[in-house]
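Note: the block below is start-v9.txt and it holds compact mmCIF, C-alpha atoms.
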# COMPACT_ATOMS: atom_id res chain seq x y z
CA MET A 1 49.48 57.94 84.03
CA ALA A 2 48.24 61.43 84.83
CA THR A 3 44.71 62.78 84.55
CA ILE A 4 44.30 66.20 82.95
CA TYR A 5 41.54 68.53 84.18
CA TYR A 6 40.20 71.62 82.48
CA GLN A 7 37.98 74.51 83.54
CA LYS A 8 34.87 72.73 82.24
CA ASP A 9 35.42 69.97 84.81
CA CYS A 10 34.79 72.30 87.77
CA ASN A 11 31.62 72.38 89.87
CA LEU A 12 31.74 75.74 91.61
CA SER A 13 28.83 74.92 93.91
CA LEU A 14 31.11 72.66 95.98
CA LEU A 15 32.73 75.72 97.56
CA GLU A 16 29.53 77.57 98.41
CA GLY A 17 29.44 78.51 102.08
CA LYS A 18 33.04 77.44 102.71
CA THR A 19 35.81 79.62 104.11
CA ILE A 20 39.37 79.29 102.85
CA ALA A 21 42.18 80.34 105.19
CA ILE A 22 45.47 81.17 103.49
CA ILE A 23 48.29 80.92 106.04
CA GLY A 24 50.97 83.34 104.88
CA TYR A 25 50.83 86.38 102.62
CA GLY A 26 54.12 86.19 100.77
CA SER A 27 54.85 85.23 97.17
CA GLN A 28 52.39 82.35 96.90
CA GLY A 29 50.05 83.40 99.69
CA HIS A 30 49.03 86.74 98.23
CA ALA A 31 48.54 85.25 94.76
CA HIS A 32 46.31 82.36 95.86
CA ALA A 33 44.36 84.58 98.24
CA LYS A 34 43.65 87.33 95.71
CA ASN A 35 42.85 84.94 92.88
CA ALA A 36 40.46 82.87 94.97
CA LYS A 37 38.76 85.96 96.40
CA GLU A 38 38.28 87.48 92.96
CA SER A 39 36.84 84.14 91.83
CA GLY A 40 34.07 84.52 94.40
CA CYS A 41 35.47 82.54 97.35
CA ASN A 42 35.35 83.61 100.99
CA VAL A 43 39.05 83.98 101.81
CA ILE A 44 40.69 85.00 105.09
CA ILE A 45 44.37 85.33 105.95
CA GLY A 46 46.25 83.75 108.86
CA LEU A 47 49.51 85.33 110.07
CA TYR A 48 51.62 85.48 113.19
CA GLU A 49 51.26 88.39 115.58
CA GLY A 50 53.46 91.26 114.43
CA SER A 51 53.77 90.09 110.83
CA LYS A 52 54.75 92.85 108.43
CA SER A 53 52.21 91.44 105.98
CA TRP A 54 49.28 91.98 108.34
CA ALA A 55 48.65 95.62 107.41
CA LYS A 56 49.25 94.89 103.73
CA ALA A 57 46.68 92.10 103.64
CA GLU A 58 44.14 94.26 105.45
CA ALA A 59 44.81 97.14 103.07
CA GLU A 60 44.13 94.79 100.17
CA GLY A 61 40.71 93.91 101.52
CA PHE A 62 41.22 90.77 103.60
CA GLU A 63 40.14 89.89 107.10
CA VAL A 64 43.36 88.92 108.92
CA TYR A 65 43.65 86.73 111.99
CA THR A 66 46.32 84.77 113.78
CA ALA A 67 46.93 81.39 112.14
CA ALA A 68 45.12 79.71 115.05
CA GLU A 69 42.04 81.90 114.76
CA ALA A 70 41.98 81.63 110.97
CA THR A 71 42.04 77.83 111.26
CA LYS A 72 39.10 77.93 113.67
CA ARG A 73 37.09 79.99 111.19
CA ALA A 74 37.97 77.97 108.08
CA ASP A 75 36.82 74.86 106.26
CA ILE A 76 39.94 74.73 104.07
CA VAL A 77 43.39 75.72 105.34
CA MET A 78 46.23 76.25 102.87
CA ILE A 79 49.71 76.60 104.35
CA LEU A 80 51.84 78.90 102.21
CA ILE A 81 54.77 79.84 104.40
CA ASN A 82 58.39 78.69 104.04
CA ASP A 83 58.93 74.93 104.32
CA GLU A 84 61.31 75.23 107.26
CA LYS A 85 58.74 77.18 109.29
CA GLN A 86 55.71 75.04 108.57
CA ALA A 87 56.05 72.32 111.21
CA ALA A 88 56.39 74.67 114.17
CA MET A 89 53.53 76.86 113.01
CA TYR A 90 51.32 73.85 112.28
CA ASN A 91 51.92 72.24 115.67
CA GLU A 92 51.34 75.47 117.56
CA SER A 93 48.50 77.09 115.65
CA VAL A 94 46.83 74.77 113.14
CA ALA A 95 46.79 71.25 114.60
CA PRO A 96 44.93 72.17 117.83
CA ASN A 97 42.18 73.84 115.80
CA LEU A 98 41.54 71.32 113.04
CA ARG A 99 38.10 69.74 112.93
CA PRO A 100 37.05 66.46 111.30
CA GLY A 101 36.21 66.96 107.63
CA MET A 102 38.43 69.98 107.06
CA MET A 103 40.94 70.15 104.20
CA LEU A 104 44.61 70.89 104.80
CA MET A 105 46.50 72.06 101.72
CA PHE A 106 50.12 72.70 100.74
CA ALA A 107 52.01 74.13 97.78
CA HIS A 108 55.09 71.95 98.43
CA GLY A 109 55.20 68.35 99.57
CA PHE A 110 58.27 68.59 101.79
CA ALA A 111 56.56 68.73 105.19
CA ILE A 112 54.19 65.85 104.45
CA HIS A 113 56.71 63.61 102.67
CA PHE A 114 59.30 63.87 105.44
CA ASN A 115 56.69 63.60 108.21
CA GLN A 116 57.45 67.02 109.62
CA ILE A 117 53.70 67.45 109.62
CA VAL A 118 51.50 64.42 110.37
CA PRO A 119 47.84 65.44 110.02
CA PRO A 120 45.06 63.60 111.84
CA ALA A 121 43.31 60.84 109.92
CA ASP A 122 39.97 62.66 109.80
CA VAL A 123 41.03 65.58 107.57
CA ASP A 124 41.71 65.71 103.84
CA VAL A 125 45.32 66.51 102.87
CA THR A 126 46.14 67.79 99.39
CA MET A 127 48.85 69.61 97.44
CA ILE A 128 49.05 72.18 94.67
CA ALA A 129 52.26 73.05 92.83
CA PRO A 130 51.75 75.90 90.35
CA LYS A 131 54.43 75.87 87.69
CA GLY A 132 55.49 79.42 88.34
CA PRO A 133 56.31 81.81 91.20
CA GLY A 134 53.64 83.77 93.02
CA HIS A 135 53.86 86.93 90.94
CA THR A 136 53.35 84.84 87.79
CA VAL A 137 50.38 83.01 89.33
CA ARG A 138 48.85 86.41 90.06
CA SER A 139 49.70 88.27 86.84
CA THR A 140 48.60 85.37 84.64
CA TYR A 141 45.28 85.25 86.45
CA GLN A 142 44.83 88.98 85.88
CA GLU A 143 45.32 88.34 82.17
CA GLY A 144 42.38 85.92 82.28
CA LYS A 145 44.60 82.88 82.02
CA GLY A 146 46.42 80.67 84.50
CA VAL A 147 49.49 78.52 85.10
CA PRO A 148 49.56 74.71 84.81
CA CYS A 149 49.47 73.02 88.21
CA LEU A 150 50.52 69.67 89.60
CA ILE A 151 47.98 68.46 92.15
CA ALA A 152 47.89 65.48 94.48
CA VAL A 153 45.71 64.01 97.22
CA HIS A 154 47.62 62.51 100.13
CA GLN A 155 44.65 61.77 102.38
CA ASN A 156 41.00 61.53 101.35
CA ALA A 157 39.19 61.33 104.69
CA THR A 158 35.87 62.74 103.47
CA GLY A 159 35.74 61.01 100.10
CA LYS A 160 35.42 64.47 98.52
CA ALA A 161 39.06 65.57 98.54
CA HIS A 162 39.62 65.09 94.81
CA ASP A 163 36.63 67.25 93.82
CA LEU A 164 37.25 70.10 96.27
CA HIS A 165 41.01 70.04 95.76
CA TRP A 166 41.23 70.70 92.05
CA LEU A 167 38.25 73.05 92.16
CA THR A 168 40.01 75.22 94.74
CA HIS A 169 43.15 75.30 92.62
CA TRP A 170 41.28 76.20 89.49
CA LEU A 171 39.94 79.23 91.32
CA SER A 172 43.22 80.25 92.92
CA ALA A 173 45.89 79.40 90.37
CA ALA A 174 45.12 77.56 87.18
CA GLN A 175 41.91 79.01 85.70
CA GLU A 176 41.75 77.90 82.07
CA GLN A 177 44.96 75.94 82.24
CA VAL A 178 45.07 72.22 82.93
CA PHE A 179 45.73 70.17 86.03
CA TRP A 180 47.70 66.98 86.34
CA ARG A 181 46.70 64.63 89.15
CA GLN A 182 48.55 61.39 89.77
CA HIS A 183 46.19 58.55 90.64
CA SER A 184 47.78 56.58 93.45
CA VAL A 185 48.38 57.89 96.95
CA ARG A 186 49.86 54.63 98.21
CA ARG A 187 53.42 55.23 97.22
CA LEU A 188 55.47 58.38 96.96
CA ARG A 189 58.19 59.41 94.62
CA LEU A 190 60.07 62.50 95.62
CA THR A 191 60.37 64.82 92.65
CA CYS A 192 62.36 68.03 92.61
CA SER A 193 61.07 70.67 90.26
CA VAL A 194 63.77 73.21 89.58
CA SER A 195 61.25 75.49 87.92
CA ARG A 196 62.06 78.50 90.07
CA GLN A 197 61.23 77.78 93.73
CA PHE A 198 59.03 74.72 93.54
CA PHE A 199 59.77 71.50 95.36
CA ALA A 200 56.98 68.98 95.09
CA VAL A 201 56.06 65.48 96.11
CA VAL A 202 54.16 63.81 93.31
CA PHE A 203 51.95 60.79 94.02
CA VAL A 204 52.51 57.96 91.55
CA HIS A 205 51.64 54.32 90.93
Structure encoded using structure tokens:
Amino acid sequence: MATIYYQKDCNLSLLEGKTIAIIGYGSQGHAHAKNAKESGCNVIIGLYEGSKSWAKAEAEGFEVYTAAEATKRADIVMILINDEKQAAMYNESVAPNLRPGMMLMFAHGFAIHFNQIVPPADVDVTMIAPKGPGHTVRSTYQEGKGVPCLIAVHQNATGKAHDLHWLTHWLSAAQEQVFWRQHSVRRLRLTCSVSRQFFAVVFVH
């Protein structure tokens, strides 16, 4: 049984003073970063040295750092690079710089479900799966709307993961659209969404 969230359910004050690091500036990365920034969040970008997206992100108004440095500066880290590259980047750049109480976020559940990434027990781990590709997430936001999103909490170390998680996604992707959050994080059912590129793990009873 899913819970549906709307814009009225958001408490924007929960993100005051927090920095969101978006790792990657491709299809999803640029959309989440721009939407969250234009919603009033402090957003920075994390990329690898020599990335072709570095100059583009800077030209579009973002502070850009290596993924390691961005993680050090952030409270919330959202990994938005290709699934097959996530584990190596996480182990090299993100894991050594995580602090207790941070939130680690994903747009796909592949790396978590198959244990390619195993976060420490003292950070929150959550997922967002917008039902559309990055350019749609961005263009719909610019129209004053949003795309529906599947959200899930894998690890709630702080006890605040549910609140911060769907608030962040309202700002970056969904806006006035709804959220679906499955209640249980005890068991996993692997669900393939063939809606364009999205491959998600949904948490179910």
Distance query Gly50 of chain A at most 12 Å, all atoms listed in the file, self and fewer than 4 positions along chain excluded, as a PyMOL selection string: chain A and resi 46+54-55+64-66
Residues near segment 116-133 of chain A, cut-off 6 Å, all atoms listed in the file, skip fewer than 2 positions along chain, as JSON, numbers by chain: {"A": [87, 100, 101, 102, 103, 104, 105, 106, 107, 111, 112, 114, 135, 136, 148, 149, 150, 151, 152, 153, 154, 155, 156, 157, 161]}
Atomic distance atom CA of Asn97 of chain A - atom CA of Thr71 of chain A, expressed in Å with one decimal: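 Distance between the two atoms: 6.0 Å.
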Point-to-point distance in Å for atom CA of Ala95 of chain A and atom CA of Lys72 of chain A: 10.2 Å
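In this model, the gap between atom CA of Gly134 of chain A and atom CA of Ala70 of chain A comes to 21.5 Å.
Residue nearest His32 of chain A within the list A:Arg138, A:Arg73, A:Lys145, A:Lys160: A:Arg138 [criterion: smallest interatomic distance, all atoms listed in the file].
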Contacts of Glu92 of chain A within 8 Å, only C-alpha atoms, excl. fewer than 4 positions in-chain, as a ChimeraX atom specification: /A:68,88,96
Write to file, as an mmCIF file, in the coordinates of the input, the residues of the selection just made, with C-alpha atoms.
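Dumped everything to selection-v9.cif:
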data_model
loop_
_atom_site.group_PDB
_atom_site.id
_atom_site.type_symbol
_atom_site.label_atom_id
_atom_site.label_comp_id
_atom_site.auth_asym_id
_atom_site.auth_seq_id
_atom_site.Cartn_x
_atom_site.Cartn_y
_atom_site.Cartn_z
ATOM 1 C CA ALA A 68 45.120 79.710 115.050
ATOM 2 C CA ALA A 88 56.390 74.670 114.170
ATOM 3 C CA PRO A 96 44.930 72.170 117.830
#
For Ala21 of chain A, list every protein, DNA or RNA residue within 6 Å, evaluated using all atoms listed in the file, and leave out those in the same chain fewer than 2 positions away; present the list as a PDB file with C-alpha atoms, keeping the file's coordinate frame.
ATOM      1  CA  VAL A  43      39.050  83.980 101.810  1.00  0.00           C
ATOM      2  CA  ILE A  44      40.690  85.000 105.090  1.00  0.00           C
ATOM      3  CA  ILE A  45      44.370  85.330 105.950  1.00  0.00           C
ATOM      4  CA  ALA A  70      41.980  81.630 110.970  1.00  0.00           C
ATOM      5  CA  ALA A  74      37.970  77.970 108.080  1.00  0.00           C
ATOM      6  CA  VAL A  77      43.390  75.720 105.340  1.00  0.00           C
TER       7      VAL A  77
END
